[in-house]
Structures are given as structure tokens and as C-alpha cells.
>>> print(open('run-v8.tsv').read())   # TSV, C-alpha atoms
chain	number	residue	atom	x	y	z
G	1	MET	CA	73.37	116.58	103.72
G	2	ILE	CA	72.87	114.26	106.63
G	3	GLY	CA	73.59	110.73	105.73
G	4	TYR	CA	74.82	110.83	102.20
G	5	ASP	CA	77.85	108.78	103.02
G	6	GLU	CA	76.35	105.67	101.54
G	7	GLN	CA	75.82	107.25	98.14
G	8	LEU	CA	79.15	108.81	97.43
G	9	PRO	CA	80.48	108.26	93.96
G	10	ALA	CA	83.16	105.67	94.30
G	11	VAL	CA	86.21	105.18	92.17
G	12	THR	CA	87.56	101.72	92.66
G	13	SER	CA	90.31	99.47	91.68
G	14	SER	CA	90.13	96.78	94.33
G	15	LEU	CA	93.48	96.03	95.81
G	16	PRO	CA	93.07	93.43	98.56
G	17	SER	CA	96.25	94.54	100.33
G	18	HIS	CA	94.66	97.89	101.04
G	19	ASN	CA	91.51	96.41	102.52
G	20	THR	CA	92.52	96.49	106.17
G	21	ARG	CA	93.62	100.11	105.91
G	22	SER	CA	90.38	101.01	104.16
G	23	ILE	CA	88.30	99.24	106.78
G	24	ILE	CA	90.01	101.13	109.61
G	25	LEU	CA	89.64	104.39	107.70
G	26	VAL	CA	85.94	103.81	107.06
G	27	PHE	CA	85.42	102.86	110.69
G	28	CYS	CA	86.95	106.20	111.73
G	29	CYS	CA	84.68	107.93	109.21
G	30	THR	CA	81.59	106.47	110.86
G	31	ILE	CA	82.64	107.92	114.22
G	32	LEU	CA	83.51	111.32	112.73
G	33	GLY	CA	80.29	111.33	110.72
G	34	ALA	CA	78.20	110.52	113.78
G	35	ALA	CA	79.94	113.24	115.80
G	36	ALA	CA	79.16	115.66	112.96
G	37	GLN	CA	75.44	114.86	113.23
G	38	ILE	CA	75.46	115.37	116.99
G	39	PHE	CA	77.08	118.81	116.60
G	40	MET	CA	74.62	119.75	113.88
G	41	LYS	CA	71.66	118.72	116.00
G	42	MET	CA	73.15	120.64	118.92
G	43	GLY	CA	73.42	123.72	116.74
G	44	ALA	CA	69.99	123.25	115.18
G	45	ASN	CA	68.41	123.02	118.65
G	46	THR	CA	69.49	126.58	119.37
G	47	LEU	CA	68.18	128.01	116.09
G	48	ALA	CA	64.94	129.40	117.47
G	49	TYR	CA	64.32	132.20	115.03
G	50	PRO	CA	60.77	133.09	114.06
G	51	THR	CA	61.21	132.92	110.30
G	52	VAL	CA	62.89	130.36	108.09
G	53	LEU	CA	64.94	133.08	106.41
G	54	GLN	CA	66.32	134.34	109.73
G	55	THR	CA	67.18	130.79	110.69
G	56	ILE	CA	69.04	130.20	107.42
G	57	LEU	CA	70.98	133.44	107.87
G	58	HIS	CA	72.12	132.27	111.31
G	59	ILE	CA	73.44	128.90	110.16
G	60	GLY	CA	76.79	130.47	109.32
G	61	THR	CA	77.20	132.03	112.78
G	62	ASN	CA	76.32	128.98	114.86
G	63	VAL	CA	79.50	127.44	116.28
G	64	PRO	CA	78.28	123.84	116.85
G	65	LEU	CA	76.76	123.81	113.37
G	66	ILE	CA	80.01	124.96	111.78
G	67	ALA	CA	81.89	122.33	113.79
G	68	GLY	CA	79.42	119.76	112.47
G	69	TYR	CA	79.97	120.89	108.88
G	70	ILE	CA	83.75	120.71	109.28
G	71	LEU	CA	83.64	117.21	110.79
G	72	TYR	CA	81.28	116.11	108.04
G	73	GLY	CA	83.65	117.47	105.41
G	74	ILE	CA	86.64	115.66	106.92
G	75	SER	CA	84.78	112.36	107.19
G	76	THR	CA	83.59	112.67	103.58
G	77	LEU	CA	87.12	113.28	102.28
G	78	LEU	CA	88.48	110.32	104.26
G	79	LEU	CA	85.65	108.17	102.95
G	80	ILE	CA	86.49	109.02	99.35
G	81	VAL	CA	90.11	108.00	99.99
G	82	ALA	CA	88.99	104.72	101.62
G	83	LEU	CA	86.49	103.89	98.88
G	84	LYS	CA	89.19	104.32	96.26
G	85	THR	CA	91.12	101.29	97.40
G	86	GLY	CA	88.73	99.19	99.45
G	87	GLN	CA	86.22	96.57	98.48
G	88	LEU	CA	82.78	98.14	98.49
G	89	SER	CA	80.86	95.04	99.55
G	90	VAL	CA	82.89	95.03	102.75
G	91	LEU	CA	82.89	98.78	103.32
G	92	TYR	CA	79.17	99.54	102.88
G	93	PRO	CA	78.02	97.48	105.87
G	94	ILE	CA	80.69	99.25	107.94
G	95	ILE	CA	79.46	102.66	106.78
G	96	SER	CA	76.00	101.85	108.10
G	97	LEU	CA	77.54	101.67	111.61
G	98	THR	CA	77.09	105.46	111.59
G	99	TYR	CA	73.40	104.84	112.33
G	100	VAL	CA	74.30	102.93	115.49
G	101	TRP	CA	76.65	105.65	116.75
G	102	VAL	CA	74.15	108.42	116.03
G	103	THR	CA	71.42	106.55	117.91
G	104	ILE	CA	73.62	105.77	120.92
G	105	LEU	CA	74.88	109.37	121.05
G	106	SER	CA	71.31	110.72	120.68
G	107	VAL	CA	70.36	108.79	123.80
G	108	ILE	CA	73.42	109.94	125.74
G	109	VAL	CA	73.59	113.57	124.60
G	110	PHE	CA	69.93	114.45	123.98
G	111	ASN	CA	68.20	111.98	126.30
G	112	GLU	CA	66.23	110.55	123.42
G	113	SER	CA	64.39	107.31	124.04
G	114	VAL	CA	64.86	104.06	122.16
G	115	ASN	CA	61.97	101.63	122.02
G	116	ILE	CA	61.77	98.29	120.28
G	117	TYR	CA	60.17	99.82	117.15
G	118	LYS	CA	62.97	102.33	116.77
G	119	ALA	CA	65.60	99.63	117.23
G	120	VAL	CA	63.93	97.32	114.71
G	121	GLY	CA	63.37	100.15	112.22
G	122	LEU	CA	67.01	101.13	112.50
G	123	ALA	CA	68.25	97.55	112.07
G	124	ILE	CA	66.10	97.10	108.95
G	125	ILE	CA	67.38	100.37	107.45
G	126	MET	CA	70.99	99.36	108.13
G	127	LEU	CA	70.45	96.02	106.48
G	128	GLY	CA	68.80	97.75	103.51
G	129	VAL	CA	71.65	100.23	103.10
G	130	ALA	CA	74.19	97.40	103.29
G	131	VAL	CA	72.34	95.23	100.75
G	132	LEU	CA	71.74	98.14	98.37
G	133	GLY	CA	75.32	99.33	98.68
G	134	MET	CA	76.79	95.89	98.01
G	135	ASP	CA	75.31	95.80	94.54
G	136	SER	CA	75.98	99.42	93.67
G	137	ARG	CA	78.45	100.87	91.23
G	138	LYS	CA	79.40	98.37	88.65
A	1	MET	CA	54.85	112.19	119.05
A	2	LYS	CA	58.19	113.81	119.60
A	3	THR	CA	59.15	114.23	115.97
A	4	PRO	CA	56.80	116.44	113.96
A	5	LEU	CA	55.77	115.54	110.43
A	6	SER	CA	57.27	118.81	109.19
A	7	SER	CA	60.74	117.71	110.32
A	8	ILE	CA	60.38	114.36	108.59
A	9	LEU	CA	59.25	116.02	105.36
A	10	LEU	CA	62.21	118.42	105.54
A	11	VAL	CA	64.65	115.51	105.95
A	12	LEU	CA	63.15	113.75	102.94
A	13	LEU	CA	63.34	116.98	100.93
A	14	SER	CA	66.97	117.38	101.95
A	15	ALA	CA	67.66	113.80	100.86
A	16	PHE	CA	65.94	114.47	97.52
A	17	ILE	CA	68.04	117.55	96.78
A	18	GLY	CA	71.24	115.93	98.07
A	19	SER	CA	70.78	112.90	95.84
A	20	PHE	CA	71.19	115.17	92.80
A	21	GLY	CA	74.38	116.47	94.39
A	22	ALA	CA	75.68	112.92	94.32
A	23	VAL	CA	74.76	112.61	90.63
A	24	LEU	CA	76.71	115.77	89.80
A	25	LEU	CA	79.73	114.61	91.83
A	26	LYS	CA	79.71	111.26	90.11
A	27	SER	CA	79.43	112.79	86.66
A	28	GLY	CA	82.15	115.34	87.49
A	29	SER	CA	84.48	112.72	88.92
A	30	SER	CA	84.87	110.99	85.57
A	31	ARG	CA	86.31	114.21	84.14
A	32	LEU	CA	88.99	114.63	86.77
A	33	SER	CA	92.67	114.45	86.01
A	34	ARG	CA	95.25	113.80	88.70
A	35	THR	CA	95.79	117.43	89.63
A	36	TRP	CA	94.12	119.32	92.49
A	37	GLN	CA	93.28	122.19	90.15
A	38	SER	CA	91.04	119.95	88.09
A	39	LEU	CA	88.91	119.44	91.22
A	40	PHE	CA	88.27	123.13	91.76
A	41	LEU	CA	87.78	124.00	88.11
A	42	ASN	CA	85.27	121.23	87.55
A	43	THR	CA	81.83	122.84	87.18
A	44	ARG	CA	79.93	119.66	88.01
A	45	ILE	CA	81.92	119.06	91.18
A	46	ILE	CA	81.38	122.67	92.24
A	47	PHE	CA	77.62	122.46	91.60
A	48	GLY	CA	77.50	119.04	93.28
A	49	VAL	CA	79.08	120.38	96.46
A	50	GLY	CA	76.80	123.43	96.18
A	51	LEU	CA	73.71	121.21	96.02
A	52	PHE	CA	74.93	119.28	99.08
A	53	LEU	CA	75.30	122.54	100.99
A	54	PHE	CA	71.87	123.70	99.79
A	55	SER	CA	70.31	120.41	100.86
A	56	SER	CA	71.95	120.74	104.27
A	57	ILE	CA	69.89	123.89	104.96
A	58	PHE	CA	66.75	121.72	104.95
A	59	ALA	CA	68.41	119.11	107.13
A	60	VAL	CA	69.28	121.80	109.68
A	61	LEU	CA	65.73	123.19	109.54
A	62	ALA	CA	64.45	119.64	110.07
A	63	MET	CA	66.67	119.04	113.08
A	64	ARG	CA	65.41	122.12	114.92
A	65	GLU	CA	62.61	119.94	116.24
A	66	GLY	CA	62.28	116.25	116.80
A	67	GLU	CA	64.58	113.39	117.61
A	68	LEU	CA	67.87	112.82	115.81
A	69	SER	CA	67.48	109.07	116.35
A	70	VAL	CA	64.36	109.21	114.15
A	71	LEU	CA	65.42	111.86	111.62
A	72	TYR	CA	68.94	110.69	110.86
A	73	PRO	CA	68.06	107.13	109.77
A	74	MET	CA	65.37	108.60	107.50
A	75	SER	CA	68.07	110.29	105.44
A	76	SER	CA	68.74	106.81	104.04
A	77	PHE	CA	65.88	107.75	101.68
A	78	ALA	CA	68.67	109.36	99.63
A	79	SER	CA	70.22	106.00	98.79
A	80	ILE	CA	66.92	104.78	97.33
A	81	LEU	CA	66.77	107.84	95.08
A	82	THR	CA	70.43	107.42	94.12
A	83	MET	CA	69.63	103.89	93.01
A	84	PHE	CA	67.13	105.22	90.48
A	85	TRP	CA	69.27	108.18	89.38
A	86	SER	CA	72.18	105.77	88.79
A	87	ARG	CA	69.98	103.83	86.40
A	88	LEU	CA	68.62	106.97	84.74
A	89	PHE	CA	71.83	108.96	84.35
A	90	PHE	CA	74.58	106.32	84.29
A	91	GLY	CA	72.79	103.21	83.04
A	92	GLU	CA	73.74	101.20	86.13
A	93	PRO	CA	71.64	98.03	86.32
A	94	LEU	CA	68.71	97.74	88.72
A	95	THR	CA	69.39	94.36	90.28
A	96	ARG	CA	67.15	92.21	92.42
A	97	LYS	CA	69.46	92.81	95.37
A	98	LYS	CA	69.00	96.56	95.02
A	99	PHE	CA	65.22	96.16	95.16
A	100	VAL	CA	65.61	94.04	98.30
A	101	GLY	CA	67.64	96.89	99.80
A	102	LEU	CA	65.01	99.39	98.71
A	103	GLY	CA	62.23	97.35	100.32
A	104	LEU	CA	64.16	97.04	103.57
A	105	ILE	CA	64.91	100.78	103.73
A	106	ILE	CA	61.25	101.67	103.07
A	107	ALA	CA	60.12	99.16	105.71
A	108	GLY	CA	62.59	100.59	108.23
A	109	ILE	CA	61.57	104.20	107.53
A	110	THR	CA	57.89	103.23	107.83
A	111	CYS	CA	58.62	101.54	111.15
A	112	LEU	CA	60.36	104.66	112.49
A	113	PHE	CA	57.61	106.88	111.09
A	114	SER	CA	54.76	104.99	112.71
A	115	HIS	CA	56.42	104.99	116.12
A	116	ARG	CA	58.08	108.37	116.06
>>> encode(input="run-v8.tsv", output="C-alpha cells")
Amino acid sequence: MIGYDEQLPAVTSSLPSHNTRSIILVFCCTILGAAAQIFMKMGANTLAYPTVLQTILHIGTNVPLIAGYILYGISTLLLIVALKTGQLSVLYPIISLTYVWVTILSVIVFNESVNIYKAVGLAIIMLGVAVLGMDSRK
Amino acid sequence: MKTPLSSILLVLLSAFIGSFGAVLLKSGSSRLSRTWQSLFLNTRIIFGVGLFLFSSIFAVLAMREGELSVLYPMSSFASILTMFWSRLFFGEPLTRKKFVGLGLIIAGITCLFSHR
């Protein structure tokens, strides 16, 4: 469920006048989506149950996880609305901003480290997602 | 090595399952009318959302250990799979640009994997 934003089925009829609104909407989605991941990681960190089954049963009672799911749901719905009117070749590169926010927040919230390999790997993935997305859905 | 292999495999598994969720949503979306009821009575949409939720269990299990800054970008594996499912199920063309994107994503994941 993490990171499926870039493969949502899109229904489009490109209206240029709606582009700015779509861009702002998608930008908000990237922030909401990144926040969702941070909450889910926060929740997952506290799931220290001995068996997989016990862990799964506790997903529904973990407050940060539920918050993450809700945020993810909201960002997905907004994204569908934005993708309906916006131009995909513009919106896909914006969607991949989520990777930047998640990485920055991971450093701030979880004290994760970023080295040059991670930064380069991330940049290449973002470029790949943007290129792949640009030519998707004909 | 802060991110265990098990977490990475779980993220890839989650991406694999979730990519079928996207296929179901796409195929359900073409059968929608303009009413809200049609969304909730659409079997494919319901199963698509269900698959997403099912796939999220593996993502949560993955995130119990390891770094989010490594695991999250790896979920982009799903878009590679979607590219092939789009060809298989919806006849969408596999363009040269898409293969460039695929190559870049694999290179990026490999880079993260080797320095996790």
C-alpha cells in the first residue's frame, strides 16, 4: 500500500484551465501522502509482537497506524480528483516529490541517515517514476 | 546494515499484491456511472480496495524494522509491475520511454539495496 500513488488508474480529459488547480492539489497530496507514511512507520515501530498473526491482529488497534491509513485514504481521493482534470505528464513528476518528503521526514523524525548512495538512488528512482508515468495511460 | 533483507522482501511482496489492486481499480473504473452508489456496488472496485488493504499488511510488517528512507522508495517496484499488467490486461503499449523509466527505477532500487 505504500507508494501506489504513481500507479492509480487515471481518468482524463485534459483541460488546461484546470492545470494550476490540479498541480496545487497534487502538491498537497504529496505532503499528505508523506505524512501518512511517517505515521505508519511510527505505528509499525511499536508493533513488537512475537508472531506475525498477533502483529496483524494489532494493526487495527494502533492509533498512529490508523491515522496513517486515514491520511493515505484522503490523499488518494484527492489525487484521483486531481488526475481527472490535470495533465499527467506534468503531474507525475510532482507526485514523485513524495519520495523527497518521506526521506526528509525520516531523517527528522526517525534520525535516519542519508548518504550519497541513498540520495543518488532516490534521485534515480524519482526520475524513473516520472519518465514511466509520463508515457502511461494512453 | 540497518534495513534487513526480510523487510525489503516484504515491501516488494506488498508492491506485487498492490499492483493487482490497481488493475482491479482500473478495470472497475470503466464500469462506473456518475452516481456514488455505482462506486460501492462495483465488485472490482471493492476487490481492488480490498487487495490494497491486504497488501498494506505486508508493508506494515516490513516497516517494523529498517529505515523508511530505504523501504519507501523501493515501493516504486509497483509501478514497474503496473507497466507490464497494463500491457497484459489493457493492451497499453510498452514504449521505449517506459523501458527507460523501468531501467532507472531498477538502478535506483539496486543502489538503495547495495547501500542499505
>>> closest_residue(input="run-v8.tsv", among="G:Ile80, G:Cys28, G:Ile94, G:Leu47", to="chain A", atoms="only C-alpha atoms")
G:Leu47
>>> interface_residues(input="run-v8.tsv", of="chain A", to="chain G", cutoff="8 Å", atoms="all atoms listed in the file", output="JSON, numbers by chain")
{"A": [14, 15, 18, 19, 22, 23, 25, 26, 29, 52, 53, 55, 56, 57, 59, 60, 61, 63, 64, 65, 67, 68, 69, 70, 72, 73, 75, 76, 78, 79, 82, 83, 92, 95, 97, 98, 99, 100, 101, 102, 103, 104, 105, 106, 107, 108, 109, 110, 111, 112, 115, 116]}
>>> axis_aligned_box(input="run-v8.tsv", around="segment 72-76 of chain G", padding_each_side="4 Å", output="JSON")
{"center_x": 84.0, "center_y": 114.9, "center_z": 105.8, "size_x": 13.4, "size_y": 13.1, "size_z": 12.5}
>>> closest_residue(input="run-v8.tsv", among="A:Phe113, A:Phe77, A:Phe90, A:Phe20", to="Thr3 of chain A", atoms="all atoms listed in the file")
A:Phe113
>>> atom_distance(input="run-v8.tsv", atom1="atom CA of Leu71 of chain G", atom2="atom CA of Phe39 of chain G")
8.9 Å
>>> atom_distance(input="run-v8.tsv", atom1="atom CA of Phe54 of chain A", atom2="atom CA of Leu53 of chain G")
13.4 Å
>>> atom_distance(input="run-v8.tsv", atom1="atom CA of Leu91 of chain G", atom2="atom CA of Gly28 of chain A")
22.9 Å
>>> closest_residue(input="run-v8.tsv", among="A:Leu5, A:Met74, A:Leu81, A:Phe89", to="Ile17 of chain A", atoms="all atoms listed in the file")
A:Leu81
>>> residues_around(input="run-v8.tsv", residues="Ile23 of chain G", least_positions_apart="6", cutoff="12 Å", atoms="all atoms listed in the file", output="ChimeraX atom specification")
/G:16-17,29-30,78-79,81-95
>>> decode(input="run-v8.tsv", residues="segment 18-113 of chain A", atoms="C-alpha atoms", output="PDB file, in the first residue's frame")
ATOM      1  CA  GLY A  18      -0.915  -3.923  -4.545  1.00  0.00           C
ATOM      2  CA  SER A  19      -0.209  -3.750  -8.268  1.00  0.00           C
ATOM      3  CA  PHE A  20      -3.102  -6.169  -8.856  1.00  0.00           C
ATOM      4  CA  GLY A  21      -5.256  -3.873  -6.746  1.00  0.00           C
ATOM      5  CA  ALA A  22      -4.518  -1.134  -9.252  1.00  0.00           C
ATOM      6  CA  VAL A  23      -5.512  -3.433 -12.128  1.00  0.00           C
ATOM      7  CA  LEU A  24      -8.859  -4.170 -10.476  1.00  0.00           C
ATOM      8  CA  LEU A  25      -9.496  -0.471  -9.772  1.00  0.00           C
ATOM      9  CA  LYS A  26      -8.699   0.436 -13.346  1.00  0.00           C
ATOM     10  CA  SER A  27     -10.931  -2.277 -14.759  1.00  0.00           C
ATOM     11  CA  GLY A  28     -13.726  -1.342 -12.325  1.00  0.00           C
ATOM     12  CA  SER A  29     -13.441   2.361 -13.086  1.00  0.00           C
ATOM     13  CA  SER A  30     -14.537   1.883 -16.686  1.00  0.00           C
ATOM     14  CA  ARG A  31     -17.842   0.468 -15.438  1.00  0.00           C
ATOM     15  CA  LEU A  32     -18.692   3.401 -13.208  1.00  0.00           C
ATOM     16  CA  SER A  33     -21.644   5.650 -13.807  1.00  0.00           C
ATOM     17  CA  ARG A  34     -21.874   9.106 -12.284  1.00  0.00           C
ATOM     18  CA  THR A  35     -23.568   8.022  -9.069  1.00  0.00           C
ATOM     19  CA  TRP A  36     -21.871   7.289  -5.742  1.00  0.00           C
ATOM     20  CA  GLN A  37     -23.800   4.034  -5.426  1.00  0.00           C
ATOM     21  CA  SER A  38     -22.099   2.656  -8.511  1.00  0.00           C
ATOM     22  CA  LEU A  39     -18.783   3.006  -6.669  1.00  0.00           C
ATOM     23  CA  PHE A  40     -19.835   0.884  -3.719  1.00  0.00           C
ATOM     24  CA  LEU A  41     -21.695  -1.729  -5.740  1.00  0.00           C
ATOM     25  CA  ASN A  42     -18.812  -2.267  -8.116  1.00  0.00           C
ATOM     26  CA  THR A  43     -17.275  -5.675  -7.330  1.00  0.00           C
ATOM     27  CA  ARG A  44     -13.953  -4.894  -8.984  1.00  0.00           C
ATOM     28  CA  ILE A  45     -13.549  -1.634  -7.101  1.00  0.00           C
ATOM     29  CA  ILE A  46     -14.387  -3.386  -3.828  1.00  0.00           C
ATOM     30  CA  PHE A  47     -11.881  -6.185  -4.506  1.00  0.00           C
ATOM     31  CA  GLY A  48      -9.313  -3.630  -5.689  1.00  0.00           C
ATOM     32  CA  VAL A  49      -9.546  -1.674  -2.446  1.00  0.00           C
ATOM     33  CA  GLY A  50      -9.501  -4.993  -0.564  1.00  0.00           C
ATOM     34  CA  LEU A  51      -6.268  -6.024  -2.286  1.00  0.00           C
ATOM     35  CA  PHE A  52      -4.716  -2.656  -1.416  1.00  0.00           C
ATOM     36  CA  LEU A  53      -5.626  -3.176   2.234  1.00  0.00           C
ATOM     37  CA  PHE A  54      -4.296  -6.748   2.114  1.00  0.00           C
ATOM     38  CA  SER A  55      -1.043  -5.553   0.553  1.00  0.00           C
ATOM     39  CA  SER A  56      -0.721  -2.909   3.266  1.00  0.00           C
ATOM     40  CA  ILE A  57      -0.411  -5.650   5.911  1.00  0.00           C
ATOM     41  CA  PHE A  58       2.905  -6.672   4.333  1.00  0.00           C
ATOM     42  CA  ALA A  59       4.036  -3.066   4.109  1.00  0.00           C
ATOM     43  CA  VAL A  60       3.355  -2.623   7.831  1.00  0.00           C
ATOM     44  CA  LEU A  61       5.188  -5.874   8.625  1.00  0.00           C
ATOM     45  CA  ALA A  62       8.097  -4.617   6.506  1.00  0.00           C
ATOM     46  CA  MET A  63       8.254  -1.280   8.286  1.00  0.00           C
ATOM     47  CA  ARG A  64       8.579  -2.864  11.727  1.00  0.00           C
ATOM     48  CA  GLU A  65      12.307  -2.987  11.106  1.00  0.00           C
ATOM     49  CA  GLY A  66      14.611  -0.985   8.926  1.00  0.00           C
ATOM     50  CA  GLU A  67      14.726   2.514   7.553  1.00  0.00           C
ATOM     51  CA  LEU A  68      11.737   4.187   5.927  1.00  0.00           C
ATOM     52  CA  SER A  69      14.104   6.172   3.695  1.00  0.00           C
ATOM     53  CA  VAL A  70      15.210   2.854   2.158  1.00  0.00           C
ATOM     54  CA  LEU A  71      11.919   0.931   2.208  1.00  0.00           C
ATOM     55  CA  TYR A  72       9.565   3.603   0.919  1.00  0.00           C
ATOM     56  CA  PRO A  73      11.394   4.333  -2.361  1.00  0.00           C
ATOM     57  CA  MET A  74      11.512   0.578  -3.013  1.00  0.00           C
ATOM     58  CA  SER A  75       7.730   0.518  -3.263  1.00  0.00           C
ATOM     59  CA  SER A  76       8.241   2.127  -6.682  1.00  0.00           C
ATOM     60  CA  PHE A  77       8.692  -1.512  -7.768  1.00  0.00           C
ATOM     61  CA  ALA A  78       4.891  -1.458  -8.063  1.00  0.00           C
ATOM     62  CA  SER A  79       4.984   0.975 -10.974  1.00  0.00           C
ATOM     63  CA  ILE A  80       7.249  -1.384 -12.933  1.00  0.00           C
ATOM     64  CA  LEU A  81       4.769  -4.209 -12.416  1.00  0.00           C
ATOM     65  CA  THR A  82       1.854  -1.950 -13.327  1.00  0.00           C
ATOM     66  CA  MET A  83       3.594  -1.182 -16.604  1.00  0.00           C
ATOM     67  CA  PHE A  84       3.516  -4.862 -17.536  1.00  0.00           C
ATOM     68  CA  TRP A  85      -0.005  -5.501 -16.215  1.00  0.00           C
ATOM     69  CA  SER A  86      -1.232  -2.509 -18.267  1.00  0.00           C
ATOM     70  CA  ARG A  87       0.128  -4.185 -21.370  1.00  0.00           C
ATOM     71  CA  LEU A  88      -1.227  -7.605 -20.400  1.00  0.00           C
ATOM     72  CA  PHE A  89      -4.708  -6.634 -19.220  1.00  0.00           C
ATOM     73  CA  PHE A  90      -5.445  -3.376 -21.056  1.00  0.00           C
ATOM     74  CA  GLY A  91      -3.256  -3.588 -24.150  1.00  0.00           C
ATOM     75  CA  GLU A  92      -1.456  -0.341 -23.325  1.00  0.00           C
ATOM     76  CA  PRO A  93       1.695  -0.023 -25.441  1.00  0.00           C
ATOM     77  CA  LEU A  94       5.133  -0.693 -23.977  1.00  0.00           C
ATOM     78  CA  THR A  95       7.047   2.332 -25.205  1.00  0.00           C
ATOM     79  CA  ARG A  96      10.753   2.984 -25.214  1.00  0.00           C
ATOM     80  CA  LYS A  97      10.239   5.725 -22.635  1.00  0.00           C
ATOM     81  CA  LYS A  98       8.586   3.254 -20.283  1.00  0.00           C
ATOM     82  CA  PHE A  99      11.582   0.926 -20.534  1.00  0.00           C
ATOM     83  CA  VAL A 100      13.879   3.871 -19.755  1.00  0.00           C
ATOM     84  CA  GLY A 101      11.761   4.512 -16.650  1.00  0.00           C
ATOM     85  CA  LEU A 102      11.915   0.832 -15.741  1.00  0.00           C
ATOM     86  CA  GLY A 103      15.708   0.797 -16.071  1.00  0.00           C
ATOM     87  CA  LEU A 104      16.060   3.899 -13.915  1.00  0.00           C
ATOM     88  CA  ILE A 105      13.787   2.519 -11.181  1.00  0.00           C
ATOM     89  CA  ILE A 106      15.676  -0.799 -11.095  1.00  0.00           C
ATOM     90  CA  ALA A 107      19.007   1.055 -10.977  1.00  0.00           C
ATOM     91  CA  GLY A 108      17.767   3.249  -8.125  1.00  0.00           C
ATOM     92  CA  ILE A 109      16.406   0.293  -6.133  1.00  0.00           C
ATOM     93  CA  THR A 110      19.692  -1.582  -6.665  1.00  0.00           C
ATOM     94  CA  CYS A 111      21.609   1.462  -5.454  1.00  0.00           C
ATOM     95  CA  LEU A 112      19.497   1.677  -2.282  1.00  0.00           C
ATOM     96  CA  PHE A 113      19.725  -2.084  -1.793  1.00  0.00           C
TER      97      PHE A 113
END
